[in-house]
$ cat structure-v7.cif   # mmCIF, C-alpha atoms
data_run
loop_
_atom_site.label_atom_id
_atom_site.label_comp_id
_atom_site.auth_asym_id
_atom_site.auth_seq_id
_atom_site.Cartn_x
_atom_site.Cartn_y
_atom_site.Cartn_z
CA MET A 1 -7.79 -13.89 3.03
CA ASN A 2 -5.58 -16.96 3.39
CA PRO A 3 -8.00 -19.94 3.82
CA TYR A 4 -6.16 -21.20 6.91
CA ILE A 5 -6.40 -17.78 8.57
CA GLU A 6 -10.08 -17.62 7.64
CA GLU A 7 -10.48 -21.04 9.27
CA ALA A 8 -8.54 -19.86 12.35
CA LEU A 9 -11.00 -16.97 12.62
CA LEU A 10 -14.01 -19.30 12.36
CA ILE A 11 -12.54 -21.68 14.96
CA THR A 12 -12.03 -18.71 17.31
CA GLU A 13 -15.68 -17.73 16.80
CA ASP A 14 -16.79 -21.33 17.39
CA LEU A 15 -14.75 -21.96 20.52
CA GLY A 16 -14.83 -18.47 21.97
CA ASP A 17 -11.12 -18.41 22.63
CA ALA A 18 -8.12 -20.12 21.05
CA THR A 19 -4.41 -19.43 20.66
CA PHE A 20 -2.91 -20.72 17.43
CA VAL A 21 0.51 -22.31 17.33
CA GLY A 22 2.33 -24.09 14.48
CA ALA A 23 2.27 -23.09 10.81
CA VAL A 24 -0.76 -20.80 11.17
CA SER A 25 1.07 -18.76 13.78
CA VAL A 26 4.11 -18.58 11.47
CA PHE A 27 1.82 -17.17 8.77
CA LEU A 28 0.20 -14.70 11.18
CA HIS A 29 3.62 -13.33 12.17
CA THR A 30 5.42 -13.42 8.81
CA GLY A 31 2.66 -13.29 6.20
CA LYS A 32 4.33 -16.37 4.67
CA SER A 33 4.20 -20.06 5.47
CA ARG A 34 3.36 -23.48 4.12
CA GLU A 35 0.48 -24.93 6.09
CA SER A 36 -0.58 -28.55 6.02
CA GLN A 37 -4.27 -29.37 6.33
CA ASP A 38 -4.21 -29.24 10.14
CA LEU A 39 -4.33 -26.33 12.55
CA ASP A 40 -2.72 -26.50 16.01
CA LEU A 41 -4.27 -24.54 18.84
CA VAL A 42 -3.97 -24.08 22.57
CA VAL A 43 -6.99 -23.66 24.86
CA ALA A 44 -7.06 -22.75 28.55
CA GLU A 45 -9.38 -25.58 29.56
CA GLN A 46 -10.30 -28.90 28.05
CA ILE A 47 -13.29 -28.57 25.73
CA PRO A 48 -15.85 -31.34 26.35
CA ARG A 49 -16.53 -33.69 23.46
CA GLU A 50 -20.24 -32.75 23.57
CA ARG A 51 -19.41 -29.12 22.95
CA PHE A 52 -17.43 -30.02 19.84
CA LEU A 53 -20.32 -32.19 18.62
CA ASP A 54 -22.83 -29.39 19.28
CA LEU A 55 -20.68 -27.16 17.08
CA ASN A 56 -20.79 -29.79 14.31
CA TYR A 57 -17.15 -30.75 14.75
CA LYS A 58 -16.47 -34.39 13.81
CA PHE A 59 -14.41 -37.07 15.52
CA ILE A 60 -12.87 -39.38 12.94
CA ASN A 61 -10.73 -42.43 13.59
CA GLU A 62 -7.66 -42.38 11.35
CA LYS A 63 -5.19 -45.24 11.52
CA GLY A 64 -6.15 -45.96 15.12
CA LYS A 65 -5.98 -42.34 16.25
CA GLU A 66 -9.01 -40.14 16.84
CA ARG A 67 -8.79 -36.79 15.06
CA ILE A 68 -11.03 -33.74 15.31
CA TYR A 69 -12.34 -32.10 12.13
CA THR A 70 -14.02 -28.69 11.96
CA PRO A 71 -17.35 -28.33 10.11
CA ARG A 72 -15.26 -26.96 7.20
CA ASN A 73 -13.19 -30.20 7.13
CA TYR A 74 -9.96 -28.85 8.59
CA LYS A 75 -8.14 -31.18 10.94
CA ILE A 76 -7.31 -29.61 14.33
CA ASP A 77 -4.91 -30.55 17.12
CA VAL A 78 -6.06 -29.09 20.43
CA PHE A 79 -3.48 -28.69 23.19
CA ASP A 80 -5.13 -28.41 26.58
CA SER A 81 -2.91 -30.21 29.07
CA HIS A 82 0.72 -30.85 28.13
CA ALA A 83 3.32 -28.15 27.62
CA LEU A 84 4.33 -27.34 24.05
CA ASN A 85 8.02 -28.09 23.63
CA GLU A 86 8.42 -27.45 27.35
CA ILE A 87 6.58 -24.13 27.25
CA PRO A 88 3.64 -24.25 29.68
CA LEU A 89 0.32 -23.65 27.91
CA ALA A 90 -0.67 -21.01 30.48
CA ARG A 91 2.45 -19.05 29.56
CA ILE A 92 1.59 -19.29 25.85
CA ILE A 93 -1.86 -17.87 26.55
CA GLN A 94 -0.54 -15.22 28.92
CA THR A 95 1.97 -13.83 26.40
CA ARG A 96 0.03 -14.45 23.18
CA ALA A 97 -0.14 -11.92 20.35
CA THR A 98 -3.44 -10.55 19.12
CA ILE A 99 -3.20 -10.16 15.37
CA PRO A 100 -5.73 -8.28 13.24
CA VAL A 101 -6.92 -10.20 10.16
CA GLY A 102 -9.13 -9.12 7.29
CA LYS A 103 -10.83 -5.77 6.98
CA LYS A 104 -13.56 -5.97 9.60
CA ASN A 105 -11.67 -5.42 12.86
CA LYS A 106 -11.39 -9.14 13.45
CA PHE A 107 -8.59 -10.70 15.46
CA VAL A 108 -6.89 -14.05 15.89
CA HIS A 109 -4.67 -14.96 18.84
CA ALA A 110 -1.32 -16.60 18.15
CA ILE A 111 1.62 -17.66 20.26
CA CYS A 112 3.91 -14.64 20.61
CA LEU A 113 6.83 -14.41 18.20
CA GLU A 114 9.36 -15.11 20.96
CA GLY A 115 7.54 -18.21 22.23
CA LEU A 116 7.18 -19.44 18.67
CA ILE A 117 10.92 -19.10 18.06
CA VAL A 118 11.78 -21.07 21.20
CA ALA A 119 9.20 -23.78 20.41
CA LYS A 120 10.49 -24.15 16.84
CA TYR A 121 14.12 -24.13 17.98
CA ARG A 122 13.46 -26.92 20.46
CA ALA A 123 11.52 -29.02 17.93
CA LYS A 124 14.54 -28.91 15.55
CA ARG A 125 12.74 -30.79 12.75
CA ASP A 126 13.60 -29.80 9.17
CA GLN A 127 10.29 -28.02 8.76
CA ASP A 128 10.83 -26.10 12.01
CA LEU A 129 14.23 -24.88 10.87
CA SER A 130 12.65 -23.71 7.59
CA ASP A 131 10.08 -21.80 9.64
CA LEU A 132 12.81 -20.27 11.83
CA SER A 133 14.58 -19.07 8.71
CA LEU A 134 11.35 -17.48 7.49
CA ILE A 135 10.81 -15.79 10.85
CA ALA A 136 14.40 -14.47 10.87
CA MET A 137 13.94 -13.08 7.37
CA TYR A 138 10.65 -11.29 7.98
CA CYS A 139 10.48 -10.59 11.73
CA TYR A 140 14.05 -10.29 13.07
CA LYS A 141 13.65 -6.61 13.97
CA LYS A 142 10.41 -7.31 15.82
CA ILE A 143 11.92 -9.84 18.25
CA ASP A 144 11.76 -8.77 21.89
CA TRP A 145 14.97 -10.40 23.14
CA LYS A 146 14.15 -9.72 26.81
CA LEU A 147 10.88 -11.58 26.45
CA LEU A 148 12.54 -14.37 24.45
CA ARG A 149 15.06 -14.86 27.26
CA THR A 150 12.18 -15.58 29.68
CA PHE A 151 11.14 -18.58 27.54
CA THR A 152 14.60 -20.14 27.54
CA LYS A 153 16.01 -22.58 30.10
CA ASP A 154 19.33 -20.82 30.59
CA ASP A 155 21.85 -18.42 29.07
CA VAL A 156 23.33 -21.17 26.90
CA GLU A 157 20.02 -21.88 25.17
CA PHE A 158 19.31 -18.16 24.82
CA ARG A 159 22.70 -17.54 23.22
CA GLN A 160 22.27 -20.50 20.84
CA ILE A 161 18.86 -19.25 19.72
CA ALA A 162 20.13 -15.69 19.30
CA GLU A 163 23.09 -16.95 17.20
CA THR A 164 20.80 -19.14 15.09
CA MET A 165 18.36 -16.33 14.36
CA LYS A 166 21.19 -13.93 13.47
CA PHE A 167 22.73 -16.51 11.14
CA TYR A 168 19.39 -17.20 9.42
CA LYS A 169 18.74 -13.46 9.02
CA GLU A 170 22.12 -12.95 7.35
CA ASN A 171 21.92 -16.17 5.33
CA PRO A 172 18.38 -16.79 4.10
CA ILE A 173 17.78 -20.37 2.98
CA MET G 1 26.34 -40.26 -17.99
CA LYS G 2 25.83 -42.21 -14.76
CA GLN G 3 29.54 -42.88 -14.52
CA HIS G 4 30.14 -39.16 -14.98
CA THR G 5 27.81 -38.09 -12.12
CA ALA G 6 29.27 -40.77 -9.86
CA SER G 7 32.77 -39.47 -10.51
CA VAL G 8 31.55 -35.91 -9.86
CA LEU G 9 30.25 -37.06 -6.48
CA MET G 10 33.56 -38.73 -5.59
CA ARG G 11 34.93 -35.21 -5.13
CA TYR G 12 32.34 -34.64 -2.42
CA LYS G 13 32.67 -38.00 -0.66
CA ASP G 14 34.58 -36.70 2.37
CA ALA G 15 32.30 -33.67 2.62
CA PHE G 16 29.17 -35.87 2.61
CA GLN G 17 30.66 -38.14 5.24
CA PHE G 18 31.61 -35.14 7.38
CA ALA G 19 28.06 -33.73 7.11
CA GLN G 20 26.41 -37.07 7.84
CA GLU G 21 28.40 -37.44 11.06
CA LEU G 22 27.48 -34.01 12.43
CA PRO G 23 25.11 -34.04 15.40
CA SER G 24 21.72 -32.46 14.82
CA SER G 25 21.91 -28.68 15.22
CA PRO G 26 20.41 -25.67 13.40
CA VAL G 27 23.77 -23.84 13.21
CA TYR G 28 27.31 -25.15 13.79
CA ASN G 29 30.49 -23.34 14.83
CA VAL G 30 33.57 -24.41 12.88
CA LYS G 31 35.61 -24.30 16.11
CA ASP G 32 33.19 -26.68 17.87
CA VAL G 33 33.26 -29.33 15.14
CA ALA G 34 36.98 -29.05 14.48
CA LYS G 35 38.04 -30.82 17.66
CA HIS G 36 39.47 -33.90 15.95
CA VAL G 37 40.10 -32.45 12.50
CA HIS G 38 41.99 -29.33 11.47
CA GLU G 39 39.84 -26.22 11.02
CA ARG G 40 41.15 -25.83 7.48
CA THR G 41 39.89 -29.32 6.61
CA VAL G 42 36.47 -28.52 8.05
CA ARG G 43 36.29 -25.27 6.07
CA ARG G 44 37.30 -27.11 2.88
CA ARG G 45 34.50 -29.63 3.38
CA ILE G 46 31.95 -26.91 4.10
CA LYS G 47 33.08 -25.09 0.97
CA LYS G 48 32.48 -28.23 -1.09
CA LEU G 49 28.99 -28.65 0.34
CA ALA G 50 28.27 -24.96 -0.26
CA GLU G 51 29.24 -25.35 -3.94
CA ILE G 52 26.15 -27.49 -4.46
CA GLY G 53 23.90 -25.61 -2.04
CA LEU G 54 24.06 -28.13 0.80
CA ALA G 55 25.72 -25.78 3.27
CA GLN G 56 25.91 -22.09 4.04
CA TYR G 57 28.98 -20.58 5.68
CA HIS G 58 29.27 -17.18 7.34
CA ARG G 59 31.90 -15.88 9.79
CA GLY G 60 32.91 -19.18 11.36
CA GLN G 61 29.36 -20.57 11.45
CA PHE G 62 27.54 -22.82 9.03
CA THR G 63 24.33 -24.73 8.38
CA VAL G 64 23.98 -28.05 6.59
CA LYS G 65 20.97 -29.59 4.87
CA LYS G 66 21.29 -32.76 6.92
CA GLU G 67 18.10 -34.34 5.58
CA VAL G 68 19.47 -34.04 2.03
CA VAL G 69 22.99 -35.19 2.82
CA ALA G 70 21.51 -38.22 4.59
CA GLN G 71 20.25 -39.63 1.27
CA PRO G 72 22.12 -42.63 -0.17
CA ILE G 73 24.74 -41.90 -2.82
CA SER G 74 22.47 -43.41 -5.53
CA VAL G 75 19.87 -40.74 -4.72
CA LEU G 76 22.40 -37.91 -4.35
CA GLU G 77 23.64 -38.70 -7.87
CA LYS G 78 20.15 -38.07 -9.21
CA LEU G 79 19.88 -34.79 -7.30
CA ILE G 80 22.80 -33.14 -9.09
CA PRO G 81 20.65 -31.49 -11.82
CA SER G 82 18.37 -30.07 -9.11
CA PHE G 83 21.33 -28.82 -7.03
CA THR G 84 22.84 -27.17 -10.10
CA ALA G 85 19.56 -25.51 -11.09
CA PHE G 86 18.91 -24.25 -7.55
CA MET G 87 22.36 -22.69 -7.38
CA LYS G 88 21.45 -20.66 -10.49
CA ALA G 89 17.96 -19.73 -9.24
CA ARG G 90 16.86 -16.11 -9.56
CA ARG G 91 14.12 -14.71 -7.33
CA PHE G 92 11.72 -11.89 -8.30
CA GLY G 93 8.95 -9.90 -6.66
CA LYS G 94 6.75 -6.92 -7.48
CA SER G 95 3.92 -6.53 -4.97
CA TYR G 96 5.27 -9.42 -2.84
CA ARG G 97 1.76 -10.85 -2.72
CA VAL G 98 -0.03 -13.68 -4.48
CA SER G 99 -0.69 -11.35 -7.44
CA ASP G 100 3.00 -11.80 -8.42
CA ILE G 101 2.41 -15.51 -8.77
CA ASN G 102 -0.85 -15.03 -10.66
CA PHE G 103 0.99 -12.77 -13.11
CA ILE G 104 3.63 -15.36 -14.00
CA LEU G 105 1.04 -18.14 -14.13
CA LYS G 106 -0.84 -16.11 -16.74
CA ASN G 107 2.36 -15.41 -18.64
CA LEU G 108 4.24 -18.69 -18.39
CA PRO G 109 7.05 -18.94 -20.94
CA LYS G 110 6.69 -21.65 -23.60
CA ASN G 111 7.79 -25.10 -22.35
CA ALA G 112 8.03 -23.85 -18.77
CA LYS G 113 7.74 -26.50 -16.05
CA ILE G 114 6.49 -25.74 -12.56
CA THR G 115 8.15 -27.57 -9.69
CA LEU G 116 8.34 -27.66 -5.85
CA ASP G 117 5.62 -25.82 -3.83
CA TYR G 118 2.89 -25.33 -6.44
CA SER G 119 3.29 -28.63 -8.25
CA ALA G 120 3.58 -30.58 -4.98
CA HIS G 121 0.45 -28.87 -3.64
CA GLU G 122 -1.46 -29.68 -6.82
CA MET G 123 -0.31 -33.32 -6.70
CA THR G 124 -0.81 -34.08 -3.01
CA GLY G 125 -2.79 -31.29 -1.33
CA PHE G 126 -0.48 -31.83 1.62
CA GLN G 127 0.89 -28.32 2.17
CA SER G 128 -0.15 -24.95 0.86
CA ALA G 129 2.25 -23.37 -1.64
CA GLN G 130 4.43 -20.39 -0.84
CA ASP G 131 6.75 -19.67 -3.77
CA LEU G 132 6.37 -20.40 -7.47
CA TYR G 133 9.41 -22.22 -8.89
CA VAL G 134 9.51 -22.35 -12.67
CA TYR G 135 12.01 -24.05 -14.98
CA VAL G 136 12.43 -22.08 -18.18
CA ASP G 137 14.44 -22.55 -21.37
CA ASP G 138 15.94 -19.06 -21.27
CA VAL G 139 16.44 -17.61 -17.77
CA GLU G 140 17.80 -14.28 -19.04
CA GLU G 141 14.82 -13.73 -21.34
CA THR G 142 12.33 -14.53 -18.55
CA ALA G 143 14.21 -12.31 -16.08
CA GLN G 144 14.10 -9.46 -18.58
CA PHE G 145 10.38 -10.02 -19.17
CA LEU G 146 9.74 -9.80 -15.40
CA LYS G 147 11.90 -6.68 -15.05
CA ASN G 148 10.03 -5.06 -17.96
CA ASN G 149 6.88 -5.68 -15.93
CA ASP G 150 8.28 -3.92 -12.84
CA PHE G 151 9.46 -7.01 -10.97
CA ARG G 152 12.61 -6.58 -8.90
CA GLU G 153 15.25 -9.23 -8.34
CA GLY G 154 16.14 -9.98 -4.71
CA ILE G 155 15.81 -12.46 -1.87
CA LYS G 156 12.18 -11.92 -0.81
CA GLY G 157 10.21 -12.39 -4.02
CA SER G 158 7.89 -15.34 -4.51
CA VAL G 159 8.69 -16.04 -8.16
CA VAL G 160 11.78 -18.18 -8.66
CA ILE G 161 13.19 -18.80 -12.12
CA LEU G 162 15.32 -21.89 -12.66
CA PRO G 163 17.35 -22.99 -15.69
CA LYS G 164 16.22 -26.28 -17.22
CA ILE G 165 19.01 -28.67 -16.29
CA GLY G 166 18.65 -32.46 -16.42
CA SER G 167 15.73 -34.59 -17.51
CA PHE G 168 12.05 -33.64 -17.40
CA GLU G 169 10.77 -36.75 -19.15
CA ASN G 170 9.20 -38.11 -15.97
CA LEU G 171 7.91 -34.90 -14.43
CA THR G 172 6.57 -36.60 -11.29
CA GLU G 173 10.01 -38.06 -10.58
CA ARG G 174 11.69 -34.72 -11.30
CA ILE G 175 9.39 -32.84 -8.91
CA PHE G 176 10.01 -35.57 -6.31
CA LEU G 177 13.79 -35.21 -6.70
CA ASP G 178 13.57 -31.41 -6.59
CA CYS G 179 11.64 -31.64 -3.30
CA ILE G 180 14.33 -33.89 -1.80
CA ALA G 181 17.11 -31.61 -3.05
CA LYS G 182 15.47 -28.51 -1.60
CA GLY G 183 15.07 -30.04 1.86
CA GLY G 184 13.25 -28.34 4.75
CA ARG G 185 9.46 -28.35 4.33
CA SER G 186 9.87 -29.68 0.77
CA THR G 187 11.09 -32.98 2.22
CA MET G 188 7.52 -33.54 3.43
CA ASP G 189 6.25 -32.83 -0.09
CA ALA G 190 8.65 -35.51 -1.37
CA ILE G 191 7.26 -38.00 1.13
CA ALA G 192 3.67 -37.12 0.19
CA ILE G 193 4.52 -37.60 -3.51
CA GLN G 194 6.18 -40.94 -2.75
CA LEU G 195 3.12 -42.10 -0.81
CA LYS G 196 0.70 -41.07 -3.51
CA TYR G 197 2.63 -41.72 -6.73
CA SER G 198 4.92 -44.63 -5.85
CA ASP G 199 4.10 -46.25 -9.23
CA ARG G 200 5.61 -43.29 -11.10
CA ILE G 201 8.81 -43.00 -9.05
CA THR G 202 11.86 -45.15 -9.61
CA THR G 203 14.19 -43.50 -7.07
CA ARG G 204 14.19 -45.05 -3.61
CA ALA G 205 14.84 -42.21 -1.21
CA ARG G 206 15.46 -42.47 2.53
CA PHE G 207 13.38 -40.50 5.03
CA THR G 208 13.22 -40.53 8.81
CA THR G 209 10.44 -42.57 10.39
CA GLU G 210 9.31 -39.47 12.30
CA MET G 211 8.80 -37.52 9.08
CA LEU G 212 7.13 -40.43 7.28
CA LEU G 213 4.64 -40.83 10.11
CA LYS G 214 3.98 -37.09 10.28
CA VAL G 215 3.15 -36.92 6.56
CA GLN G 216 1.08 -40.12 6.66
CA GLU G 217 -0.89 -38.67 9.55
CA ASP G 218 -1.48 -35.25 8.00
CA LEU G 219 -1.99 -36.22 4.36
CA PRO G 220 -5.60 -35.43 3.42
CA LEU G 221 -7.56 -38.70 3.52
CA GLU G 222 -9.02 -38.42 0.01
CA SER G 223 -5.57 -38.00 -1.51
CA LEU G 224 -4.65 -41.52 -0.42
CA HIS G 225 -7.69 -43.00 -2.12
#

$ encode --input "structure-v7.cif" --output "structure tokens"
Amino acid sequence: MNPYIEEALLITEDLGDATFVGAVSVFLHTGKSRESQDLDLVVAEQIPRERFLDLNYKFINEKGKERIYTPRNYKIDVFDSHALNEIPLARIIQTRATIPVGKKNKFVHAICLEGLIVAKYRAKRDQDLSDLSLIAMYCYKKIDWKLLRTFTKDDVEFRQIAETMKFYKENPI
Amino acid sequence: MKQHTASVLMRYKDAFQFAQELPSSPVYNVKDVAKHVHERTVRRRIKKLAEIGLAQYHRGQFTVKKEVVAQPISVLEKLIPSFTAFMKARRFGKSYRVSDINFILKNLPKNAKITLDYSAHEMTGFQSAQDLYVYVDDVEETAQFLKNNDFREGIKGSVVILPKIGSFENLTERIFLDCIAKGGRSTMDAIAIQLKYSDRITTRARFTTEMLLKVQEDLPLESLH
């Protein structure tokens, strides 16, 4: 199993519930991705510091910023209050995808494909556009356009995203 | 040689300038960007960028590798061998799993050089690798070897064969330049290499502050030591 997916599974077991966003979710949907050493996840409620410490998670100060490390030394970013690229966290949890991993009926939750596309499109960083191209190449037929429309601000944004995904599907990077 | 590459780039000067001035967008419509310039001029510039893999055009729409085009001309000159090699890249797959990569790693052609994902991952530990990019002396021979072993050529395979073009004397620098030339997620590999191996790199590339900070933040701590 991909080590990041294995870690996502262990984090889910540790925390009870988590919805993965970012590169791990790209991998869960496409089977391909380039993950950096951190995993991004959304939780419904803020997890108290003591709970993390009880689970042997570590808080490490890096260049003036406190970061959370899992007991397996993976850095995690936990989203529990702000929206993710203007998508409310509750909506991400409500529409999340449950994806089977491994051979023992285990599951990991990830942001749904449609929410992921909108979040990546809004971020517009080089790495996000690479991810969008990957999603278009491997998942274009799986996109639920009606659901995707509900994540967008208006028809203009929806049309721009639809055009972008079509272009990437027909012109892989 | 330097004079030659500079004169090659002169042909692209207007195309680079056009690309640098575009607002940030994943996909552009020719009609939208041709408000002050004739559509034919815009298409000609896109065609030039596409010749070296910096743009893709399809039915009135196009994409541009803005992060690559944003490099200074002195860096772009050094990227020409990478651009040329990437344009001649051939992609192969068999099972479309990691076993394809293991196969080629066990059967690397003589003098082959690995670049991009796998070499960047080995050097920096910053991002996991996805595709295996290999420079070989004889692309046709390697392609035939893969086909004889039931690999198929297409767009989804994870094994990418590149012709050896340009210098490989300073392999760290070459991998760094390849990462810049590829753009996208590889730009972050280039930054990670620059942060970790600045003593081995002579090219001074330009990256956005946002990207630099992102890589600095996410680079595994021990790799900076």

$ resolve_selection --input "structure-v7.cif" --expression "the PyMOL selection byres ((chain G and resi 212) around 12)" --output "list in words"
Thr187, Met188, Asp189, Ala190, Ile191, Ala192, Ile193, Gln194, Leu195, Ala205, Arg206, Phe207, Thr208, Thr209, Glu210, Met211, Leu213, Lys214, Val215, Gln216, Glu217, Asp218 and Leu219 of chain G

$ write_last_selection --input "structure-v7.cif" --atoms "C-alpha atoms" --output "PDB file, in the frame of the given file"
ATOM      1  CA  THR G 187      11.090 -32.980   2.220  1.00  0.00           C
ATOM      2  CA  MET G 188       7.520 -33.540   3.430  1.00  0.00           C
ATOM      3  CA  ASP G 189       6.250 -32.830  -0.090  1.00  0.00           C
ATOM      4  CA  ALA G 190       8.650 -35.510  -1.370  1.00  0.00           C
ATOM      5  CA  ILE G 191       7.260 -38.000   1.130  1.00  0.00           C
ATOM      6  CA  ALA G 192       3.670 -37.120   0.190  1.00  0.00           C
ATOM      7  CA  ILE G 193       4.520 -37.600  -3.510  1.00  0.00           C
ATOM      8  CA  GLN G 194       6.180 -40.940  -2.750  1.00  0.00           C
ATOM      9  CA  LEU G 195       3.120 -42.100  -0.810  1.00  0.00           C
ATOM     10  CA  ALA G 205      14.840 -42.210  -1.210  1.00  0.00           C
ATOM     11  CA  ARG G 206      15.460 -42.470   2.530  1.00  0.00           C
ATOM     12  CA  PHE G 207      13.380 -40.500   5.030  1.00  0.00           C
ATOM     13  CA  THR G 208      13.220 -40.530   8.810  1.00  0.00           C
ATOM     14  CA  THR G 209      10.440 -42.570  10.390  1.00  0.00           C
ATOM     15  CA  GLU G 210       9.310 -39.470  12.300  1.00  0.00           C
ATOM     16  CA  MET G 211       8.800 -37.520   9.080  1.00  0.00           C
ATOM     17  CA  LEU G 213       4.640 -40.830  10.110  1.00  0.00           C
ATOM     18  CA  LYS G 214       3.980 -37.090  10.280  1.00  0.00           C
ATOM     19  CA  VAL G 215       3.150 -36.920   6.560  1.00  0.00           C
ATOM     20  CA  GLN G 216       1.080 -40.120   6.660  1.00  0.00           C
ATOM     21  CA  GLU G 217      -0.890 -38.670   9.550  1.00  0.00           C
ATOM     22  CA  ASP G 218      -1.480 -35.250   8.000  1.00  0.00           C
ATOM     23  CA  LEU G 219      -1.990 -36.220   4.360  1.00  0.00           C
TER      24      LEU G 219
END

$ atom_distance --input "structure-v7.cif" --atom1 "atom CA of A:Ile92" --atom2 "atom CA of A:Ile111"
5.8 Å

$ closest_residue --input "structure-v7.cif" --among "G:Lys66, G:Lys147, G:Arg40, G:Lys31" --to "chain A" --atoms "all atoms listed in the file"
G:Lys66

$ interface_residues --input "structure-v7.cif" --of "chain A" --to "chain G" --cutoff "9 Å" --atoms "only C-alpha atoms" --output "ChimeraX atom specification"
/A:32-38,62-63,75,121,124-131,137-138,160,163-164,167-168,170-173

$ closest_residue --input "structure-v7.cif" --among "A:Tyr140, A:Tyr69, A:Glu86, A:Arg96" --to "A:Arg122" --atoms "all atoms listed in the file"
A:Glu86

$ residues_near_point --input "structure-v7.cif" --point "(-2.4, -27.8, 23.6)" --cutoff "8 Å" --atoms "all atoms listed in the file" --output "ChimeraX atom specification"
/A:40-43,77-84,89

$ atom_distance --input "structure-v7.cif" --atom1 "atom CA of A:Glu7" --atom2 "atom CA of A:Ile135"
22.0 Å

$ resolve_selection --input "structure-v7.cif" --expression "the PyMOL selection byres ((chain A and resi 27) around 10)" --output "list of chain:residue names"
A:Asn2, A:Tyr4, A:Ile5, A:Gly22, A:Ala23, A:Val24, A:Ser25, A:Val26, A:Leu28, A:His29, A:Thr30, A:Gly31, A:Lys32, A:Ser33, A:Arg34, A:Glu35, A:Ala110, A:Asp131, A:Leu134, A:Ile135

$ resolve_selection --input "structure-v7.cif" --expression "the PyMOL selection byres ((chain G and resi 136-142) around 9)" --output "PyMOL selection string"
chain G and resi 89-90+108-114+134-135+143-147+161-164

$ residues_around --input "structure-v7.cif" --residues "A:Ala8" --least-positions-apart "2" --cutoff "8 Å" --atoms "all atoms listed in the file" --output "PyMOL selection string"
chain A and resi 4-6+10-12+20+24+39+108

$ build_atoms --input "structure-v7.cif" --residues "stretch 37-48 of chain A" --atoms "N, CA and C atoms" --output "mmCIF file, in the coordinates of the input"
data_model
loop_
_atom_site.group_PDB
_atom_site.id
_atom_site.type_symbol
_atom_site.label_atom_id
_atom_site.label_comp_id
_atom_site.auth_asym_id
_atom_site.auth_seq_id
_atom_site.Cartn_x
_atom_site.Cartn_y
_atom_site.Cartn_z
ATOM 1 N N GLN A 37 -2.819 -29.470 6.181
ATOM 2 C CA GLN A 37 -4.270 -29.370 6.330
ATOM 3 C C GLN A 37 -4.714 -29.295 7.805
ATOM 4 N N ASP A 38 -3.782 -29.284 8.736
ATOM 5 C CA ASP A 38 -4.210 -29.240 10.140
ATOM 6 C C ASP A 38 -3.812 -27.933 10.813
ATOM 7 N N LEU A 39 -4.611 -27.547 11.792
ATOM 8 C CA LEU A 39 -4.330 -26.330 12.550
ATOM 9 C C LEU A 39 -4.114 -26.725 14.012
ATOM 10 N N ASP A 40 -3.042 -26.200 14.614
ATOM 11 C CA ASP A 40 -2.720 -26.500 16.010
ATOM 12 C C ASP A 40 -3.140 -25.328 16.879
ATOM 13 N N LEU A 41 -3.846 -25.623 17.965
ATOM 14 C CA LEU A 41 -4.270 -24.540 18.840
ATOM 15 C C LEU A 41 -4.229 -24.936 20.300
ATOM 16 N N VAL A 42 -4.040 -23.896 21.124
ATOM 17 C CA VAL A 42 -3.970 -24.080 22.570
ATOM 18 C C VAL A 42 -5.237 -23.487 23.182
ATOM 19 N N VAL A 43 -5.840 -24.211 24.129
ATOM 20 C CA VAL A 43 -6.990 -23.660 24.860
ATOM 21 C C VAL A 43 -6.701 -23.735 26.364
ATOM 22 N N ALA A 44 -7.335 -22.827 27.114
ATOM 23 C CA ALA A 44 -7.060 -22.750 28.550
ATOM 24 C C ALA A 44 -7.599 -23.962 29.298
ATOM 25 N N GLU A 45 -8.751 -24.432 28.885
ATOM 26 C CA GLU A 45 -9.380 -25.580 29.560
ATOM 27 C C GLU A 45 -9.830 -26.600 28.533
ATOM 28 N N GLN A 46 -9.861 -27.846 28.962
ATOM 29 C CA GLN A 46 -10.300 -28.900 28.050
ATOM 30 C C GLN A 46 -11.738 -28.627 27.584
ATOM 31 N N ILE A 47 -11.947 -28.781 26.281
ATOM 32 C CA ILE A 47 -13.290 -28.570 25.730
ATOM 33 C C ILE A 47 -13.997 -29.927 25.686
ATOM 34 N N PRO A 48 -15.172 -30.032 26.346
ATOM 35 C CA PRO A 48 -15.850 -31.340 26.350
ATOM 36 C C PRO A 48 -16.230 -31.777 24.933
#
